[in-house]
Structure formats: structure tokens, C-alpha cells
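What follows is one structure encoded as C-alpha cells, with my remarks underneath.
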Amino acid sequence: PAPRIVLLTGAAGGLGTLMRGLLPAYGYELRLFDATPIEGEPEAVTADLADKEALREAVRGVDAIIHLAGISLEAPFEKILRANIEGTYNLYEAAREEGVRRVVFASSNHAVGFTPRPRGEAPIAPSALIPIDTPRRPDTYYGLSKCFGEDLAQLYWDRHGVESVSVRIGSCFMEPTSVRMLSVWMSPGDGARLFHAALTAEEVGHAVVYGSSANTRLWWDLSTARALGYDPQDDSEQYAEKLVAEQGELDPDNPDHAYLGGHFVTDPPLWPY
Ligand code: NAI
Ligand code: 15L
């Protein structure tokens, strides 16, 4: 049967807030989980992913999980370790113990962020799009934690029969705000379509997919997402004229423009935080 009750971790965050608004229209009853309280949602579980008991209780009785909770940008390794690596392990353990059939894991393009982006005129030929099985090249500790999450998902499928869809999300925001995002943007509506497809596709085992809209300037191959039934409806190109006028086209000699991960590849200036 199609999943009905879905635990949404990270429900207080940017993407969680967008999905809280959009997913109920697909018929899901959402159970919300986040370390940050959510105003107007008295039934939301306010707990940290480190709290195994709270996590197990939150997971009990759900049909599936959308796991968004975690640090969503580069941070010191110890923080990434706790929230994204140990936290995702705790989540999968709770899912296994409670017999949850499927997890949709918010991976990220930063798991492959050091992959050179395709060059040339858009649209990039299908044969030159970055395939889903390109070697992983994380651009940050953050990206590395997403590689871990994908491998954990594979292990829990092979060993315990917990299914997962790992979605390497590009940039899911109301609108693209950079020229790079014209290539990697996923509209909120397409995000909901993709999560719905990931929840309802039959027998996925562990599927890894890129998450973006049907952008004219797309860099990667959406075929594994489409194989789940995802049919993106949006294209960032409507924002191109304005963004290119403001920022110029991407400069292949600028490292911030040369890789899938954009400026994440040079984020050391953020250190030591
Ligand atoms: P966000 O930073 O706005 O939200 C993350 C949420 O997780 C926050 O509400 C935070 O309180 C919660 N959280 C963090 N650590 C926690 C912990 N230890 N226990 C419980 N809750 C915790 O991030 P956003 O943009 O909403 O992203 C959601 C997920 O999707 C993240 O895993 C992120 O890595 C991933 N992602 C998002 C992309 C995007 O374009 N928004 C792109 C690629 C991946
Ligand atoms: C991510 O993984 C981040 O969570 C999000 O905030 C954006 O920075 C996105 O990648 C991106 O690559 O634009």
C-alpha cells in the first residue's frame, strides 16, 4: 500500500517548511521532527537526532520517513559528525528497529561537488550530462557526510531490507539566486513531486537520484529520478536573463564556477569558523 503517515525530520528548516506546505496535498499525514520548535505545530516532536528514544518513538507507526534534519552547509567536522553522521545512523537504526519500509534521504550535490561541471552551450547533450554513478568527490565535510548517508542507505538495504531513495538535491528554494542555480535549481513544486515519486515508486531497493527541475541549463542526468515516476514541470530559464545581467555568465577559470559544487569547493575561507 502507498505510504500515508510520513515522518518529516528537519521539518522546521527551509526545505522542511516548503514540504510541510506542499506534501499534504498528495494525501500524506506528516509527523514533524526537528530540534527547533515549530510555531503553530503543537504536535511536532522537538528533539535532537542524538536522542535515540525520542527518535524511536517518533518513527513508531510511520509508513515512511523523509530525512531532512541535519547541518545543511559546511561546518567543523565535529558538528557534522554529530548531526549528519551519527544523527543519520540513529535515524536508520530507529527505522530498522521499528520496521519502517522506506527512507527518503536528503543527500546533496556536494557529495559529488568536486566533479567538473559540463562545459558548452545549454542544453548539454544527454551523453555529456553527469551520470548518477560518477565517482563521488565530496567538496566539504558536509558533502562527505552525504556520501556516508548514501552508503548507510545502501548498507541498510543490503543488510536489513530498509529501502531508501537518496536524493542528491541541487538547490531547492523558491527561486534561483545565482547563475549556477540556473543549472541545479529544483523548484519547491518539483521537490514535492520528486519526494512523492520517491515515496510511492515500487521496490526501489536503494536508488540514488539527482534532484532538480527540468532546467534548460541542467548539468546532470535525471533519468534515475524519472525512473521513479518523477516528471519535473519547472525550468529555471525564466530567471536567466535577470541573473545573467546581474552576475554574468559562469567563468570557467574561476574555481567557484568550475565544479558542480560551486563556491563550496573553495569554502576554506569559512574556516576556522
Ligand atoms: P536547514 O538548515 O534550513 O534545515 C535543517 C533543519 O534540521 C533545521 O530545522 C535544524 O533545526 C534541523 N537539525 C539540524 N541538526 C539537527 C539535529 N541534530 N537534530 C534534529 N534536527 C536537526 O536546511 P534545508 O535547506 O532545509 O535542508 C534540509 C536537508 O536537505 C538538509 O539535510 C540538507 O543537507 C539537504 N539539502 C538541502 C538543499 C537545499 O537546496 N535546500 C540542497 C541539498 C541538500
Ligand atoms: C546544499 O547542499 C545546501 O544544503 C543548500 O543550502 C544549498 O547551498 C545547495 O546545497 C546548493 O548547492 O546550492
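We name chains A, B, ... following the order of the C-alpha cells; residues begin at 1 in each chain, and ligands are numbered from 1 as shown.
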- Mind checking DSSP for segment 144-216 of chain A and telling me the helix (DSSP H, G or I) residues as a ChimeraX atom specification? /A:144-160,181-184,188-200
Expected file contents, prior selection, N, CA and C atoms, as a tab-separated table (two decimals), in the first residue's frame:
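Saved as selection.tsv:
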chain	number	residue	atom	x	y	z
A	144	LEU	N	30.96	15.12	2.46
A	144	LEU	CA	31.42	13.80	2.91
A	144	LEU	C	30.34	13.12	3.76
A	145	SER	N	29.64	13.89	4.58
A	145	SER	CA	28.58	13.28	5.40
A	145	SER	C	27.43	12.78	4.53
A	146	LYS	N	27.23	13.39	3.37
A	146	LYS	CA	26.18	12.93	2.47
A	146	LYS	C	26.63	11.64	1.78
A	147	CYS	N	27.94	11.52	1.48
A	147	CYS	CA	28.46	10.25	0.95
A	147	CYS	C	28.22	9.14	1.98
A	148	PHE	N	28.49	9.44	3.26
A	148	PHE	CA	28.25	8.48	4.33
A	148	PHE	C	26.77	8.08	4.35
A	149	GLY	N	25.90	9.06	4.27
A	149	GLY	CA	24.46	8.77	4.32
A	149	GLY	C	24.04	7.86	3.17
A	150	GLU	N	24.58	8.10	1.98
A	150	GLU	CA	24.25	7.25	0.84
A	150	GLU	C	24.74	5.82	1.07
A	151	ASP	N	25.94	5.68	1.63
A	151	ASP	CA	26.47	4.33	1.89
A	151	ASP	C	25.69	3.64	3.00
A	152	LEU	N	25.28	4.41	3.99
A	152	LEU	CA	24.47	3.86	5.07
A	152	LEU	C	23.14	3.34	4.50
A	153	ALA	N	22.56	4.12	3.61
A	153	ALA	CA	21.30	3.71	2.98
A	153	ALA	C	21.49	2.39	2.23
A	154	GLN	N	22.61	2.28	1.53
A	154	GLN	CA	22.89	1.03	0.79
A	154	GLN	C	23.05	-0.14	1.75
A	155	LEU	N	23.79	0.09	2.85
A	155	LEU	CA	24.00	-0.98	3.84
A	155	LEU	C	22.68	-1.44	4.45
A	156	TYR	N	21.82	-0.47	4.78
A	156	TYR	CA	20.55	-0.85	5.43
A	156	TYR	C	19.60	-1.54	4.45
A	157	TRP	N	19.78	-1.32	3.16
A	157	TRP	CA	19.01	-2.08	2.17
A	157	TRP	C	19.59	-3.49	2.05
A	158	ASP	N	20.89	-3.56	1.83
A	158	ASP	CA	21.51	-4.88	1.61
A	158	ASP	C	21.39	-5.78	2.83
A	159	ARG	N	21.56	-5.18	3.99
A	159	ARG	CA	21.66	-5.99	5.20
A	159	ARG	C	20.32	-6.16	5.91
A	160	HIS	N	19.50	-5.12	5.88
A	160	HIS	CA	18.29	-5.14	6.70
A	160	HIS	C	17.00	-4.98	5.89
A	181	MET	N	22.79	28.34	-9.96
A	181	MET	CA	21.50	27.74	-9.60
A	181	MET	C	20.58	27.55	-10.81
A	182	LEU	N	20.86	28.28	-11.90
A	182	LEU	CA	20.06	28.04	-13.11
A	182	LEU	C	20.24	26.59	-13.58
A	183	SER	N	21.39	26.00	-13.25
A	183	SER	CA	21.66	24.61	-13.64
A	183	SER	C	21.15	23.61	-12.60
A	184	VAL	N	21.21	23.97	-11.33
A	184	VAL	CA	20.97	22.96	-10.28
A	184	VAL	C	19.65	23.16	-9.52
A	188	PRO	N	10.28	24.27	-5.56
A	188	PRO	CA	9.58	23.57	-4.49
A	188	PRO	C	8.52	22.60	-5.02
A	189	GLY	N	7.80	23.00	-6.06
A	189	GLY	CA	6.79	22.11	-6.62
A	189	GLY	C	7.41	20.83	-7.16
A	190	ASP	N	8.54	20.96	-7.86
A	190	ASP	CA	9.22	19.75	-8.35
A	190	ASP	C	9.81	18.96	-7.19
A	191	GLY	N	10.24	19.65	-6.13
A	191	GLY	CA	10.74	18.94	-4.95
A	191	GLY	C	9.65	18.03	-4.38
A	192	ALA	N	8.45	18.58	-4.26
A	192	ALA	CA	7.33	17.76	-3.74
A	192	ALA	C	7.02	16.62	-4.70
A	193	ARG	N	7.07	16.88	-6.01
A	193	ARG	CA	6.84	15.80	-6.99
A	193	ARG	C	7.87	14.70	-6.83
A	194	LEU	N	9.13	15.11	-6.62
A	194	LEU	CA	10.19	14.10	-6.51
A	194	LEU	C	10.06	13.30	-5.20
A	195	PHE	N	9.77	13.98	-4.10
A	195	PHE	CA	9.59	13.24	-2.84
A	195	PHE	C	8.39	12.29	-2.95
A	196	HIS	N	7.33	12.75	-3.59
A	196	HIS	CA	6.15	11.89	-3.77
A	196	HIS	C	6.53	10.65	-4.60
A	197	ALA	N	7.27	10.87	-5.67
A	197	ALA	CA	7.70	9.73	-6.51
A	197	ALA	C	8.58	8.79	-5.70
A	198	ALA	N	9.48	9.36	-4.89
A	198	ALA	CA	10.39	8.53	-4.09
A	198	ALA	C	9.62	7.72	-3.04
A	199	LEU	N	8.52	8.27	-2.55
A	199	LEU	CA	7.72	7.56	-1.54
A	199	LEU	C	6.86	6.47	-2.16
A	200	THR	N	6.45	6.65	-3.41
A	200	THR	CA	5.43	5.76	-3.97
A	200	THR	C	5.96	4.78	-5.03
- Kindly work out which residues sit at most 8 Å from ligand 2, using only C-alpha atoms and all ligand atoms, and give the list as a list in words. Ile71, Ser72, Leu73, Ser107, Ser108, Asn109, His110, Tyr142, Gly143, Ile169, Gly170, Ser171, Cys172, Met181, Val184, Trp185, Gly261, Gly262 and Phe264 of chain A
For those residues, write C-alpha atoms to a file as a short mmCIF file (atom, residue, chain, number, x, y, z; two decimals), in the first residue's frame.
data_model
loop_
_atom_site.label_atom_id
_atom_site.label_comp_id
_atom_site.auth_asym_id
_atom_site.auth_seq_id
_atom_site.Cartn_x
_atom_site.Cartn_y
_atom_site.Cartn_z
CA ILE A 71 23.53 20.61 9.17
CA SER A 72 22.91 21.88 5.66
CA LEU A 73 26.15 23.74 4.98
CA SER A 107 21.69 13.80 0.06
CA SER A 108 23.27 16.68 -1.80
CA ASN A 109 25.09 17.65 -4.97
CA HIS A 110 28.03 18.31 -2.61
CA TYR A 142 29.31 18.38 4.72
CA GLY A 143 29.49 16.64 1.31
CA ILE A 169 19.37 17.77 -4.15
CA GLY A 170 20.68 20.69 -6.19
CA SER A 171 19.24 23.93 -4.73
CA CYS A 172 15.63 23.84 -3.58
CA MET A 181 21.50 27.74 -9.60
CA VAL A 184 20.97 22.96 -10.28
CA TRP A 185 17.69 24.54 -9.09
CA GLY A 261 29.51 22.23 -6.01
CA GLY A 262 30.04 25.91 -6.87
CA PHE A 264 31.58 25.07 -1.68
#
- Message: 7 Å from ligand 1 is the threshold here; counting only C-alpha atoms and all ligand atoms, which polymer residues fall inside it? Answer as a ChimeraX atom specification.
- Response: /A:9-16,34-36,47-50,68-73,82-83,87,106-109,168-173
- Fewer than 6 positions away in the same chain doesn't count, so skip those; otherwise give me all residues within 8 Å of segment 57-65 of chain A, counting only C-alpha atoms, as a count of residues only. 19
- Per DSSP on the backbone, what are the strand (DSSP E or B) residues of segment 20-244 of chain A, as a ChimeraX atom specification? /A:29-34,45-46,64-67,102-108,116,130,163-169,171,185,206-211,220
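Between atom CA of His263 of chain A and atom CA of Val208 of chain A the separation is 23.6 Å.
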- Message: Report as a VMD selection string all protein, DNA and RNA residues lying within 8 Å of segment 126-131 of chain A, evaluated on only C-alpha atoms, omitting residues in the same chain fewer than 4 positions from it.
- Response: chain A and resid 117 to 118 218 to 221
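Coordinates place atom CA of Asn90 of chain A at a distance of 27.2 Å from atom CA of Thr224 of chain A.
In this comparison, which uses only C-alpha atoms, the residue of A:Gly113, A:Gly248, A:Pro1, A:Pro76 approaching Pro135 of chain A most closely is A:Gly113.
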- Note on the structure: Pairwise distance, atom CA of Leu81 of chain A with atom CA of Met186 of chain A, equals 27.0 Å
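Considering only C-alpha atoms, the residue among A:Val179, A:Tyr210, A:Leu30, A:Thr266 positioned nearest to Leu222 of chain A is A:Tyr210.
Residue nearest Ser213 of chain A, chosen from A:Glu237, A:Ser187, A:Arg119, A:Ala201 and counting only C-alpha atoms: A:Ser187.
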